[in-house]
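**Student:** What follows is input.cif, made up of mmCIF, C-alpha atoms:
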```cif
data_data
loop_
_atom_site.group_PDB
_atom_site.id
_atom_site.type_symbol
_atom_site.label_atom_id
_atom_site.label_comp_id
_atom_site.auth_asym_id
_atom_site.auth_seq_id
_atom_site.Cartn_x
_atom_site.Cartn_y
_atom_site.Cartn_z
ATOM 1 C CA MET A 13 0.000 0.000 0.000
ATOM 2 C CA LYS A 14 1.222 3.504 -0.765
ATOM 3 C CA ARG A 15 2.384 5.488 2.227
ATOM 4 C CA ASN A 16 0.885 8.663 0.811
ATOM 5 C CA LEU A 17 -2.610 7.199 0.459
ATOM 6 C CA THR A 18 -3.782 9.483 3.266
ATOM 7 C CA LEU A 19 -2.434 12.475 1.350
ATOM 8 C CA VAL A 20 -4.267 11.435 -1.825
ATOM 9 C CA ILE A 21 -7.527 10.928 0.076
ATOM 10 C CA THR A 22 -7.306 14.267 1.910
ATOM 11 C CA SER A 23 -6.408 16.023 -1.317
ATOM 12 C CA LEU A 24 -9.405 14.498 -3.127
ATOM 13 C CA LEU A 25 -11.722 15.442 -0.268
ATOM 14 C CA SER A 26 -10.307 18.973 -0.295
ATOM 15 C CA ILE A 27 -10.944 19.199 -4.042
ATOM 16 C CA LEU A 28 -14.511 17.941 -3.551
ATOM 17 C CA LEU A 29 -15.212 20.494 -0.825
ATOM 18 C CA LEU A 30 -13.571 23.271 -2.844
ATOM 19 C CA THR A 31 -15.813 22.537 -5.835
ATOM 20 C CA LEU A 32 -18.904 22.465 -3.606
ATOM 21 C CA HIS A 33 -17.912 25.720 -1.970
ATOM 22 C CA VAL A 34 -17.103 27.523 -5.214
ATOM 23 C CA THR A 35 -20.443 26.342 -6.621
ATOM 24 C CA ASP A 36 -22.189 27.729 -3.534
ATOM 25 C CA ASP A 37 -20.305 31.020 -3.992
ATOM 26 C CA ILE A 38 -21.498 31.248 -7.609
ATOM 27 C CA VAL A 39 -25.111 30.433 -6.686
ATOM 28 C CA ARG A 40 -25.066 33.116 -3.967
ATOM 29 C CA GLY A 41 -23.540 35.684 -6.295
ATOM 30 C CA ILE A 42 -20.303 35.966 -4.327
ATOM 31 C CA SER A 43 -18.248 34.758 -7.292
ATOM 32 C CA ARG A 44 -18.953 35.322 -10.949
ATOM 33 C CA PRO A 45 -19.398 32.267 -13.177
ATOM 34 C CA GLU A 46 -17.427 33.796 -16.080
ATOM 35 C CA PRO A 47 -13.985 32.432 -15.156
ATOM 36 C CA ALA A 48 -15.383 28.885 -15.199
ATOM 37 C CA ASN A 49 -13.011 27.766 -17.958
ATOM 38 C CA LEU A 50 -9.980 28.732 -15.899
ATOM 39 C CA ALA A 51 -11.488 27.083 -12.823
ATOM 40 C CA LEU A 52 -12.047 23.879 -14.794
ATOM 41 C CA LEU A 53 -8.441 23.920 -15.974
ATOM 42 C CA VAL A 54 -7.252 24.316 -12.386
ATOM 43 C CA LEU A 55 -9.549 21.465 -11.319
ATOM 44 C CA VAL A 56 -8.127 19.181 -14.034
ATOM 45 C CA VAL A 57 -4.541 19.991 -12.973
ATOM 46 C CA TRP A 58 -5.392 19.349 -9.302
ATOM 47 C CA LEU A 59 -7.019 16.015 -10.107
ATOM 48 C CA TYR A 60 -4.166 15.002 -12.419
ATOM 49 C CA GLY A 61 -1.578 15.892 -9.805
ATOM 50 C CA THR A 62 -3.457 14.092 -7.054
ATOM 51 C CA LEU A 63 -4.328 10.919 -8.939
ATOM 52 C CA LEU A 64 -1.542 10.422 -11.482
ATOM 53 C CA LEU A 65 1.439 12.230 -9.981
ATOM 54 C CA ALA A 66 0.933 11.219 -6.349
ATOM 55 C CA GLU A 67 4.332 9.539 -6.052
ATOM 56 C CA ARG A 68 6.268 12.380 -7.679
ATOM 57 C CA ARG A 69 7.560 15.684 -6.400
ATOM 58 C CA SER A 70 5.317 17.577 -8.860
ATOM 59 C CA GLY A 71 2.257 15.749 -7.498
ATOM 60 C CA HIS A 72 3.202 16.683 -3.948
ATOM 61 C CA ILE A 73 3.620 20.322 -4.980
ATOM 62 C CA ILE A 74 0.173 20.292 -6.625
ATOM 63 C CA MET A 75 -1.384 18.704 -3.523
ATOM 64 C CA LEU A 76 0.426 21.252 -1.355
ATOM 65 C CA LEU A 77 -1.269 23.994 -3.389
ATOM 66 C CA VAL A 78 -4.639 22.234 -3.045
ATOM 67 C CA GLY A 79 -4.177 22.221 0.726
ATOM 68 C CA LEU A 80 -3.111 25.853 0.749
ATOM 69 C CA PHE A 81 -6.147 26.980 -1.268
ATOM 70 C CA ALA A 82 -8.508 24.883 0.851
ATOM 71 C CA ALA A 83 -7.035 26.165 4.117
ATOM 72 C CA GLY A 84 -7.217 29.739 2.810
ATOM 73 C CA MET A 85 -10.944 29.676 2.008
ATOM 74 C CA PRO A 86 -12.114 30.249 5.610
ATOM 75 C CA VAL A 87 -9.596 33.042 6.074
ATOM 76 C CA ILE A 88 -10.812 34.802 2.927
ATOM 77 C CA HIS A 89 -14.535 34.409 3.601
ATOM 78 C CA MET A 90 -14.716 34.866 7.371
ATOM 79 C CA ARG A 91 -13.031 38.264 7.085
ATOM 80 C CA GLY A 92 -15.727 39.466 4.697
ATOM 81 C CA VAL A 93 -18.254 42.101 5.696
ATOM 82 C CA HIS A 94 -21.202 39.971 4.543
ATOM 83 C CA TYR A 95 -20.139 36.759 6.272
ATOM 84 C CA PRO A 96 -22.633 37.087 9.184
ATOM 85 C CA ASP A 97 -25.482 37.718 6.740
ATOM 86 C CA ILE A 98 -24.550 34.747 4.600
ATOM 87 C CA ALA A 99 -24.173 32.498 7.648
ATOM 88 C CA ALA A 100 -27.669 33.473 8.839
ATOM 89 C CA SER A 101 -29.253 33.030 5.407
ATOM 90 C CA SER A 102 -30.912 29.970 3.913
ATOM 91 C CA GLY A 103 -28.165 27.450 3.260
ATOM 92 C CA GLY A 104 -25.855 29.260 5.649
ATOM 93 C CA PHE A 105 -25.170 26.071 7.596
ATOM 94 C CA PHE A 106 -23.730 24.403 4.474
ATOM 95 C CA PHE A 107 -21.701 27.503 3.642
ATOM 96 C CA VAL A 108 -20.148 27.712 7.107
ATOM 97 C CA TRP A 109 -19.657 23.940 7.401
ATOM 98 C CA THR A 110 -17.739 23.768 4.135
ATOM 99 C CA LEU A 111 -15.520 26.614 5.331
ATOM 100 C CA TRP A 112 -14.687 24.787 8.563
ATOM 101 C CA ALA A 113 -14.173 21.468 6.763
ATOM 102 C CA LEU A 114 -12.008 23.137 4.111
ATOM 103 C CA GLY A 115 -9.877 24.853 6.724
ATOM 104 C CA GLY A 116 -9.172 21.722 8.722
ATOM 105 C CA LEU A 117 -8.840 19.312 5.832
ATOM 106 C CA GLY A 118 -6.838 21.791 3.747
ATOM 107 C CA GLY A 119 -4.411 22.408 6.586
ATOM 108 C CA PHE A 120 -3.964 18.661 7.063
ATOM 109 C CA THR A 121 -3.443 18.166 3.317
ATOM 110 C CA PHE A 122 -0.862 20.956 3.314
ATOM 111 C CA ILE A 123 1.036 19.373 6.219
ATOM 112 C CA LEU A 124 1.009 15.896 4.648
ATOM 113 C CA ALA A 125 2.223 17.248 1.296
ATOM 114 C CA ALA A 126 4.964 19.286 2.983
ATOM 115 C CA ARG A 127 6.103 16.211 4.929
ATOM 116 C CA GLY A 128 6.157 14.191 1.717
ATOM 117 C CA LEU A 129 8.230 16.850 -0.030
ATOM 118 C CA TRP A 130 10.578 17.054 2.931
ATOM 119 C CA SER A 131 11.160 13.296 2.942
ATOM 120 C CA MET A 132 11.815 13.377 -0.824
ATOM 121 C CA ARG A 133 14.322 16.162 -0.302
ATOM 122 C CA ARG A 134 16.243 14.225 2.288
ATOM 123 C CA GLY A 135 16.150 11.077 0.168
ATOM 124 C CA GLN A 136 14.389 9.018 2.813
ATOM 125 C CA PRO A 137 12.222 6.118 1.696
ATOM 126 C CA ARG A 138 8.543 6.949 1.677
#
```
Kindly transcribe the structure held in the file into structure tokens.

**Tutor:**
Amino acid sequence: MKRNLTLVITSLLSILLLTLHVTDDIVRGISRPEPANLALLVLVVWLYGTLLLAERRSGHIIMLLVGLFAAGMPVIHMRGVHYPDIAASSGGFFFVWTLWALGGLGGFTFILAARGLWSMRRGQPR
């Protein structure tokens, strides 16, 4: 079994939650749907890096970025002026829950990817 299976799973869950959260942002009017092509390209790169490059340094770097973006979502949104209004609105529970889940899971993904990169740097067996 791969030692970085936990990293792959947390990265995939982070990607899933990120897509749900971005979709919720678009539905609420927080984000515009126009840059969808760029977002889809980023999603494809994240999935490719997570699923096909998981054992390589480039895959770890991509998963590190996934974790960083996921962990950054709560920071970005919870500082917003309209956050209390959105949290109290219909569907606010889902909005806030995905922020909390993204923060925790993204931070964990970031740590696992950084550890994997560090062990590759030192030449230790994974």

**Student:** Please provide as a list in words all residues within 9 Å of His72 in chain A, with the sequence filter that same-chain residues fewer than 6 positions apart are discarded (counting only C-alpha atoms).

**Tutor:**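 Here the answer would be Leu19, Gly61, Thr62, Leu65, Ala66, Leu124, Ala125, Ala126, Gly128 and Leu129 of chain A.
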
**Student:** I need the residue set behind the PyMOL selection byres ((chain A and resi 111-114) around 7) for this file; please write it as a list of chain:residue names.

**Tutor:**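 Applying the PyMOL selection byres ((chain A and resi 111-114) around 7) to the structure shown produces A:Ser26, A:Leu29, A:Ala82, A:Ala83, A:Met85, A:Pro86, A:Phe107, A:Val108, A:Trp109, A:Thr110, A:Gly115, A:Gly116, A:Leu117, A:Gly118.
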
**Student:** Could those residues be written to a file, using C-alpha atoms, as a compact mmCIF listing (two decimals), keeping the file's coordinate frame?

**Tutor:**
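Final file, again-v9.txt:
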```txt
# COMPACT_ATOMS: atom_id res chain seq x y z
CA SER A 26 -10.31 18.97 -0.30
CA LEU A 29 -15.21 20.49 -0.82
CA ALA A 82 -8.51 24.88 0.85
CA ALA A 83 -7.04 26.16 4.12
CA MET A 85 -10.94 29.68 2.01
CA PRO A 86 -12.11 30.25 5.61
CA PHE A 107 -21.70 27.50 3.64
CA VAL A 108 -20.15 27.71 7.11
CA TRP A 109 -19.66 23.94 7.40
CA THR A 110 -17.74 23.77 4.14
CA GLY A 115 -9.88 24.85 6.72
CA GLY A 116 -9.17 21.72 8.72
CA LEU A 117 -8.84 19.31 5.83
CA GLY A 118 -6.84 21.79 3.75
```

**Student:** Given only C-alpha atoms as the basis, pick out the residue of A:Val87, A:Phe106, A:Asp37, A:Val78 nearest to Ile123 in chain A.

**Tutor:** A:Val78

**Student:** Determine, counting only C-alpha atoms, every residue of protein, DNA or RNA that lies within 8 Å of (-1.7, 20.3, -2.6) in the file coordinates, then give the result as a ChimeraX atom specification.

**Tutor:** /A:23,58,62,71-80,121-122,125

**Student:** What gap, in Å, lies between CA of Thr18 in chain A and CA of Thr35 in chain A?

**Tutor:** 25.7 Å

**Student:** I'd like the interatomic distance between CA of Ser70 in chain A and CA of Leu53 in chain A, to a tenth of an Å.

**Tutor:** 16.7 Å

**Student:** Given the point (-11.5, 22.8, -12.1) in the coordinates of this file, which residues lie within 12 Å, counting only C-alpha atoms, and how would they look as a ChimeraX atom specification?

**Tutor:** /A:27-28,30-32,34-35,47-60,78

**Student:** Any chance you could resolve the PyMOL selection byres ((chain A and resi 40) around 12) against this file and give the residues as a PyMOL selection string?

**Tutor:** chain A and resi 33-39+41-45+94-95+97-99+101-104+107

**Student:** Which residue gives the smallest distance to Met132 in chain A among A:Phe105, A:Phe81, A:Arg69, A:Gly92, with all atoms listed in the file counted?

**Tutor:**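 Closest residue, counting all atoms listed in the file: A:Arg69.
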
**Student:** Between CA of Leu24 in chain A and CA of Gly84 in chain A, what distance in Å does the model show, to one decimal?

**Tutor:**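 Distance reported for this atom pair: 16.5 Å.
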
**Student:** Would you fill out range 118-129 of chain A with all heavy atoms and return it as a short mmCIF file (atom, residue, chain, number, x, y, z; two decimals), in the frame of the given file?

**Tutor:**
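Contents of part_29.cif, as written:
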```
data_model
loop_
_atom_site.label_atom_id
_atom_site.label_comp_id
_atom_site.auth_asym_id
_atom_site.auth_seq_id
_atom_site.Cartn_x
_atom_site.Cartn_y
_atom_site.Cartn_z
N GLY A 118 -7.88 21.15 4.55
CA GLY A 118 -6.84 21.79 3.75
C GLY A 118 -5.53 21.93 4.50
O GLY A 118 -4.46 21.69 3.95
N GLY A 119 -5.62 22.31 5.77
CA GLY A 119 -4.41 22.41 6.59
C GLY A 119 -3.72 21.07 6.74
O GLY A 119 -2.49 20.96 6.65
N PHE A 120 -4.51 20.01 6.94
CA PHE A 120 -3.96 18.66 7.06
C PHE A 120 -3.33 18.21 5.75
O PHE A 120 -2.24 17.63 5.74
CB PHE A 120 -5.08 17.70 7.51
CG PHE A 120 -4.59 16.34 7.88
CD1 PHE A 120 -3.64 16.16 8.87
CD2 PHE A 120 -5.11 15.21 7.25
CE1 PHE A 120 -3.20 14.89 9.22
CE2 PHE A 120 -4.69 13.95 7.59
CZ PHE A 120 -3.72 13.78 8.58
N THR A 121 -4.00 18.50 4.63
CA THR A 121 -3.44 18.17 3.32
C THR A 121 -2.12 18.89 3.10
O THR A 121 -1.15 18.30 2.62
CB THR A 121 -4.44 18.54 2.20
OG1 THR A 121 -5.66 17.83 2.41
CG2 THR A 121 -3.90 18.22 0.82
N PHE A 122 -2.08 20.16 3.45
CA PHE A 122 -0.86 20.96 3.31
C PHE A 122 0.28 20.34 4.12
O PHE A 122 1.40 20.19 3.62
CB PHE A 122 -1.13 22.40 3.77
CG PHE A 122 0.04 23.31 3.61
CD1 PHE A 122 0.29 23.93 2.40
CD2 PHE A 122 0.91 23.54 4.66
CE1 PHE A 122 1.38 24.77 2.24
CE2 PHE A 122 2.01 24.38 4.52
CZ PHE A 122 2.24 25.00 3.30
N ILE A 123 0.01 19.96 5.36
CA ILE A 123 1.04 19.37 6.22
C ILE A 123 1.54 18.05 5.65
O ILE A 123 2.74 17.79 5.60
CB ILE A 123 0.50 19.19 7.66
CG1 ILE A 123 0.32 20.56 8.32
CG2 ILE A 123 1.42 18.31 8.49
CD1 ILE A 123 -0.48 20.52 9.61
N LEU A 124 0.61 17.19 5.21
CA LEU A 124 1.01 15.90 4.65
C LEU A 124 1.85 16.08 3.38
O LEU A 124 2.85 15.37 3.19
CB LEU A 124 -0.22 15.04 4.34
CG LEU A 124 -0.99 14.51 5.54
CD1 LEU A 124 -2.24 13.78 5.06
CD2 LEU A 124 -0.12 13.60 6.39
N ALA A 125 1.46 17.00 2.53
CA ALA A 125 2.22 17.25 1.30
C ALA A 125 3.60 17.82 1.62
O ALA A 125 4.60 17.43 1.00
CB ALA A 125 1.46 18.19 0.37
N ALA A 126 3.67 18.72 2.59
CA ALA A 126 4.96 19.29 2.98
C ALA A 126 5.87 18.21 3.56
O ALA A 126 7.07 18.17 3.25
CB ALA A 126 4.75 20.42 3.99
N ARG A 127 5.31 17.32 4.38
CA ARG A 127 6.10 16.21 4.93
C ARG A 127 6.61 15.30 3.81
O ARG A 127 7.75 14.83 3.86
CB ARG A 127 5.27 15.39 5.91
CG ARG A 127 5.11 16.06 7.26
CD ARG A 127 4.44 15.14 8.23
NE ARG A 127 5.20 13.89 8.32
CZ ARG A 127 4.80 12.84 9.00
NH1 ARG A 127 3.66 12.84 9.63
NH2 ARG A 127 5.54 11.74 9.03
N GLY A 128 5.74 15.02 2.84
CA GLY A 128 6.16 14.19 1.72
C GLY A 128 7.28 14.84 0.93
O GLY A 128 8.25 14.16 0.54
N LEU A 129 7.16 16.13 0.68
CA LEU A 129 8.23 16.85 -0.03
C LEU A 129 9.52 16.86 0.78
O LEU A 129 10.61 16.70 0.22
CB LEU A 129 7.80 18.29 -0.33
CG LEU A 129 6.84 18.47 -1.50
CD1 LEU A 129 6.29 19.89 -1.52
CD2 LEU A 129 7.54 18.14 -2.81
#
```
